[in-house]
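Everything on this sheet refers to the single structure shown next.
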Amino acid sequence: MPTERFQFTGEGGHQLAAALDLPDGQVAAYALFAHCFTCGKDVLAAKRIATALAAKGIAVLRFDFTGLGSSEGDFANSTFSSNVADLVHAADHLRETRGAPTILIGHSLGGAAILAAADQIPDAKAVVTIAAPSDPAHVTHLFKDSIEDIRTHGEVEVQLAGRPFQIKREFLDDIAEHSLMAHVAKLHKALLIMHSPTDDTVGIDNATHIFVAARHPKSFVSLSGADHLLSDKRDSAYVADVVTAWAERYIEPVAVAPVAAATEGPRNVVVRETRNSKFQQTVTSGPHQMLADEPVAAGGQDTGPGPYDFLLSGLGACTSMTMRMYADRKSLPVERITVTLKHNKIHAEDCAECETREGMLDQIDRVIAIEGALDADQRKRLMEIADKCPVHRTLTSEVRILTREAD
């Protein structure tokens, strides 16, 4: 699936690194994903779930909280409240640039943050928690032996998942003030709670507390056999499958703008780097989205057609469509038209009918197969019509390209 990488402004003015995983085709809904404590947007569970959801038509925005991953800021200065605020900023950015998030998904402490932020994201209709604690203070068990030192000294370095993190007294005070169950009780959104009964990091009793506090519609799905971080790829795929099927009942598909009539003029084509590889691009035209890339031999990953492939595709499609319109108008028995094209560079001296006499020229070889019981005159006329297609005329006439920098 194509992934767009960018930054947006989070709490405190910091630039937060984000990734938007997009479907290959039309977006059915937008989701916002919150990762686990001290993790990042690229933790395996987040990436796998986002990729699987994108494959099912749900675009997913995941990002690094302040001070984590590639985001700016100091993790030591972040709190549960600042994480909640970062989520609201992320939702605002998604709403302004793409579409409002209708699904909120949170893993571990990210699930608690999603529950706390949900009432500030009015567009969201469905909320999903995965292995979430019912109390943000639950996270302190990860560094319980250092709590007294943190309160005494104000800031202490602790080891979490083998990495050093600075934890401040303000963090402890902030999570102690949050009554997450109060947020759950007034959620007024569909809630799906997913938890493993064998989770030894956040016990299954946390899921019970959340479920009891929530109002309907609420659902619980057991992630039997899964560990806290969903290390098994099959567990991430299962989560995505369930979320997609469950959320369909509660969300409205993203509205697709109607295709403009021919009299309204041509629509824009937008080409944007995905930053997943050196050359990969998303090509968007109205409701349609494709990938463009270069072959491996040219330094790309061959995840989509190349620029000249798109050029040939435009000519081939226009040729076939123009011939079809003529055949239908004249009631010709044409069953199918197939256009095969190839682009080459040739020496100008090898083209007797070309005006350019030196250097290299572009040559497009176009082979047209016409299926149907047509006589020789009908076939000859159809081949003449091929040269009258608008794209053919554009390529063989003077073309003016105006380029300017975007405002």
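The way I read the labels, and the way they are meant: chains A, B, ... in the order of the structure tokens, residue 1 as the first residue of every chain, and ligand 1 as the first ligand shown, with later ones counted on from there.
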
Practice task
Report as number ranges by chain: the residues of segment 162-294 of chain A with a DSSP assignment of strand (DSSP E), based on the backbone of this structure.
Solution key: A: 163-168, 190-195, 218-222, 269-273, 281-285, 288-292

What would the file look like if the residues just selected were written as a CSV table (one decimal), in the first residue's frame with N, CA, C and O atoms?
```csv
chain,number,residue,atom,x,y,z
A,163,ARG,N,15.7,0.4,26.6
A,163,ARG,CA,16.1,1.7,26.2
A,163,ARG,C,16.0,2.7,27.3
A,163,ARG,O,15.0,2.6,28.1
A,164,PRO,N,16.8,3.7,27.4
A,164,PRO,CA,16.7,4.7,28.5
A,164,PRO,C,15.7,5.8,28.2
A,164,PRO,O,15.7,6.3,27.1
A,165,PHE,N,14.9,6.1,29.2
A,165,PHE,CA,13.9,7.2,29.1
A,165,PHE,C,13.9,8.0,30.3
A,165,PHE,O,14.1,7.5,31.4
A,166,GLN,N,13.8,9.3,30.2
A,166,GLN,CA,13.7,10.2,31.3
A,166,GLN,C,12.2,10.4,31.7
A,166,GLN,O,11.4,10.7,30.9
A,167,ILE,N,11.9,10.1,33.0
A,167,ILE,CA,10.6,10.2,33.5
A,167,ILE,C,10.6,11.3,34.6
A,167,ILE,O,11.4,11.2,35.5
A,168,LYS,N,9.7,12.2,34.5
A,168,LYS,CA,9.6,13.3,35.4
A,168,LYS,C,8.4,13.2,36.4
A,168,LYS,O,7.4,12.4,36.1
A,190,ALA,N,-19.6,4.2,19.2
A,190,ALA,CA,-19.4,2.7,19.2
A,190,ALA,C,-18.0,2.3,19.7
A,190,ALA,O,-17.0,2.9,19.3
A,191,LEU,N,-18.0,1.3,20.6
A,191,LEU,CA,-16.7,1.0,21.1
A,191,LEU,C,-16.4,-0.5,20.9
A,191,LEU,O,-17.3,-1.4,21.2
A,192,LEU,N,-15.2,-0.8,20.4
A,192,LEU,CA,-14.8,-2.2,20.3
A,192,LEU,C,-13.5,-2.4,21.2
A,192,LEU,O,-12.5,-1.7,21.0
A,193,ILE,N,-13.6,-3.3,22.1
A,193,ILE,CA,-12.5,-3.6,23.0
A,193,ILE,C,-11.9,-4.9,22.6
A,193,ILE,O,-12.5,-6.0,22.5
A,194,MET,N,-10.6,-4.9,22.3
A,194,MET,CA,-9.9,-6.1,21.9
A,194,MET,C,-8.7,-6.4,22.9
A,194,MET,O,-7.9,-5.5,23.1
A,195,HIS,N,-8.7,-7.6,23.4
A,195,HIS,CA,-7.7,-7.9,24.5
A,195,HIS,C,-7.4,-9.3,24.5
A,195,HIS,O,-8.3,-10.2,24.3
A,218,LYS,N,-21.4,-1.4,22.4
A,218,LYS,CA,-20.0,-1.8,22.8
A,218,LYS,C,-19.8,-3.3,22.5
A,218,LYS,O,-20.8,-4.1,22.5
A,219,SER,N,-18.6,-3.7,22.1
A,219,SER,CA,-18.3,-5.1,21.8
A,219,SER,C,-17.0,-5.5,22.4
A,219,SER,O,-16.1,-4.6,22.6
A,220,PHE,N,-16.8,-6.8,22.6
A,220,PHE,CA,-15.5,-7.3,23.1
A,220,PHE,C,-15.1,-8.4,22.2
A,220,PHE,O,-15.9,-9.3,21.9
A,221,VAL,N,-13.8,-8.4,21.8
A,221,VAL,CA,-13.3,-9.5,21.0
A,221,VAL,C,-12.0,-10.0,21.7
A,221,VAL,O,-11.1,-9.2,21.9
A,222,SER,N,-12.0,-11.3,21.9
A,222,SER,CA,-10.8,-11.9,22.6
A,222,SER,C,-9.7,-12.1,21.6
A,222,SER,O,-9.9,-12.7,20.5
A,269,VAL,N,-4.8,16.5,-12.3
A,269,VAL,CA,-4.1,15.3,-11.9
A,269,VAL,C,-3.0,15.7,-10.9
A,269,VAL,O,-2.3,16.6,-11.2
A,270,VAL,N,-3.0,15.1,-9.8
A,270,VAL,CA,-2.1,15.4,-8.7
A,270,VAL,C,-1.1,14.3,-8.5
A,270,VAL,O,-1.5,13.1,-8.3
A,271,VAL,N,0.2,14.6,-8.6
A,271,VAL,CA,1.2,13.6,-8.5
A,271,VAL,C,2.1,14.0,-7.2
A,271,VAL,O,2.6,15.1,-7.1
A,272,ARG,N,2.2,13.1,-6.3
A,272,ARG,CA,2.8,13.4,-5.0
A,272,ARG,C,3.7,12.2,-4.6
A,272,ARG,O,3.4,11.1,-4.7
A,273,GLU,N,4.9,12.6,-4.1
A,273,GLU,CA,5.9,11.6,-3.6
A,273,GLU,C,5.3,10.8,-2.4
A,273,GLU,O,4.7,11.5,-1.5
A,281,GLN,N,5.4,7.4,-6.5
A,281,GLN,CA,4.5,8.5,-6.5
A,281,GLN,C,3.1,8.0,-6.4
A,281,GLN,O,2.8,6.9,-6.9
A,282,THR,N,2.2,8.8,-5.8
A,282,THR,CA,0.8,8.6,-5.9
A,282,THR,C,0.2,9.5,-7.0
A,282,THR,O,0.6,10.7,-7.1
A,283,VAL,N,-0.6,9.0,-7.9
A,283,VAL,CA,-1.2,9.7,-9.0
A,283,VAL,C,-2.7,9.7,-8.8
A,283,VAL,O,-3.3,8.7,-8.8
A,284,THR,N,-3.2,10.9,-8.5
A,284,THR,CA,-4.6,11.0,-8.2
A,284,THR,C,-5.3,11.9,-9.2
A,284,THR,O,-4.9,13.0,-9.6
A,285,SER,N,-6.4,11.3,-9.7
A,285,SER,CA,-7.3,12.1,-10.7
A,285,SER,C,-8.7,11.9,-10.3
A,285,SER,O,-9.3,10.8,-10.4
A,288,HIS,N,-9.9,8.6,-8.5
A,288,HIS,CA,-9.0,7.5,-8.9
A,288,HIS,C,-7.6,7.8,-8.4
A,288,HIS,O,-7.1,8.9,-8.5
A,289,GLN,N,-7.0,6.7,-7.9
A,289,GLN,CA,-5.6,6.8,-7.4
A,289,GLN,C,-4.8,5.6,-7.8
A,289,GLN,O,-5.2,4.5,-7.8
A,290,MET,N,-3.5,5.9,-8.3
A,290,MET,CA,-2.6,4.9,-8.8
A,290,MET,C,-1.2,5.2,-8.3
A,290,MET,O,-1.0,6.2,-7.7
A,291,LEU,N,-0.3,4.2,-8.5
A,291,LEU,CA,1.0,4.4,-8.1
A,291,LEU,C,1.9,4.6,-9.4
A,291,LEU,O,1.6,4.0,-10.4
A,292,ALA,N,2.9,5.4,-9.3
A,292,ALA,CA,3.9,5.5,-10.4
A,292,ALA,C,5.2,5.2,-9.8
A,292,ALA,O,5.5,5.5,-8.6
```

Practice task
Tell me which protein, DNA and RNA residues are within 6 Å of segment 228-231 of chain A, counting only C-alpha atoms, leaving out same-chain ones fewer than 3 positions away, and put them as a ChimeraX atom specification.
Solution key: /A:45,199,235

Fill in the blank from the handout: The residue from A:Ala352, A:Ile204, A:Ile346, A:Ile210 with the smallest atom-to-atom distance to Leu223 of chain A, counting only C-alpha atoms, is A:Ile204

Practice task
Tell me, in Å to one decimal, how far atom CA of Pro197 of chain A is from atom CA of Ala116 of chain A.
Solution key: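 A separation of 23.6 Å between them.
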
Exercise for the section: For Ser71 of chain A, list every protein, DNA or RNA residue within 12 Å, evaluated using only C-alpha atoms, and leave out those in the same chain fewer than 3 positions away; present the list as a ChimeraX atom specification. Expected result: /A:6-11,13-19,40-41,63-68,74-75,86

Practice task
Write out as a ChimeraX atom specification which residues come within 7 Å of segment 107-111 of chain A when counting only C-alpha atoms, dropping same-chain ones fewer than 4 positions away.
Solution key: /A:34-37,115,129-133,136

Handout entry: Those of segment 318-352 of chain A in DSSP alpha helix (DSSP H), formatted as a PyMOL selection string
Key = chain A and resi 318-329

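You can rank A:His183, A:Arg381, A:Arg215, A:Arg169 by their closest distance to Lys330 of chain A using only C-alpha atoms, and at the top of that list sits A:Arg381.
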
Exercise for the section: Can you pull out every residue within 7 Å of Arg275 of chain A, counting only C-alpha atoms, but drop anything in the same chain fewer than 2 positions away, and send it as a PyMOL selection string? Expected result: chain A and resi 4-5+273+277-278+280

Could those selected residues go to a file with N, CA and C atoms, as a PDB file, in the first residue's frame?
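Writing the result to result_37.pdb gives the following:
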```
ATOM      1  N   GLU A   4       2.233   7.925   2.613  1.00  0.00           N
ATOM      2  CA  GLU A   4       2.724   9.298   2.537  1.00  0.00           C
ATOM      3  C   GLU A   4       3.319   9.670   3.891  1.00  0.00           C
ATOM      4  N   ARG A   5       4.495  10.251   3.874  1.00  0.00           N
ATOM      5  CA  ARG A   5       5.150  10.672   5.107  1.00  0.00           C
ATOM      6  C   ARG A   5       5.259  12.193   5.122  1.00  0.00           C
ATOM      7  N   GLU A 273       4.940  12.578  -4.112  1.00  0.00           N
ATOM      8  CA  GLU A 273       5.877  11.559  -3.630  1.00  0.00           C
ATOM      9  C   GLU A 273       5.296  10.838  -2.416  1.00  0.00           C
ATOM     10  N   SER A 277      10.018   5.048  -1.297  1.00  0.00           N
ATOM     11  CA  SER A 277      11.206   4.669  -2.044  1.00  0.00           C
ATOM     12  C   SER A 277      11.672   5.888  -2.818  1.00  0.00           C
ATOM     13  N   LYS A 278      12.715   5.712  -3.601  1.00  0.00           N
ATOM     14  CA  LYS A 278      13.337   6.862  -4.272  1.00  0.00           C
ATOM     15  C   LYS A 278      12.389   7.559  -5.237  1.00  0.00           C
ATOM     16  N   GLN A 280       8.825   6.409  -6.000  1.00  0.00           N
ATOM     17  CA  GLN A 280       7.391   6.082  -5.943  1.00  0.00           C
ATOM     18  C   GLN A 280       6.518   7.325  -5.731  1.00  0.00           C
TER      19      GLN A 280
END
```

Exercise for the section: Would you mind reading off the distance between atom CA of Arg95 of chain A and atom CA of Ser78 of chain A, one decimal, in Å? Expected result: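 Those two atoms sit 24.3 Å apart.
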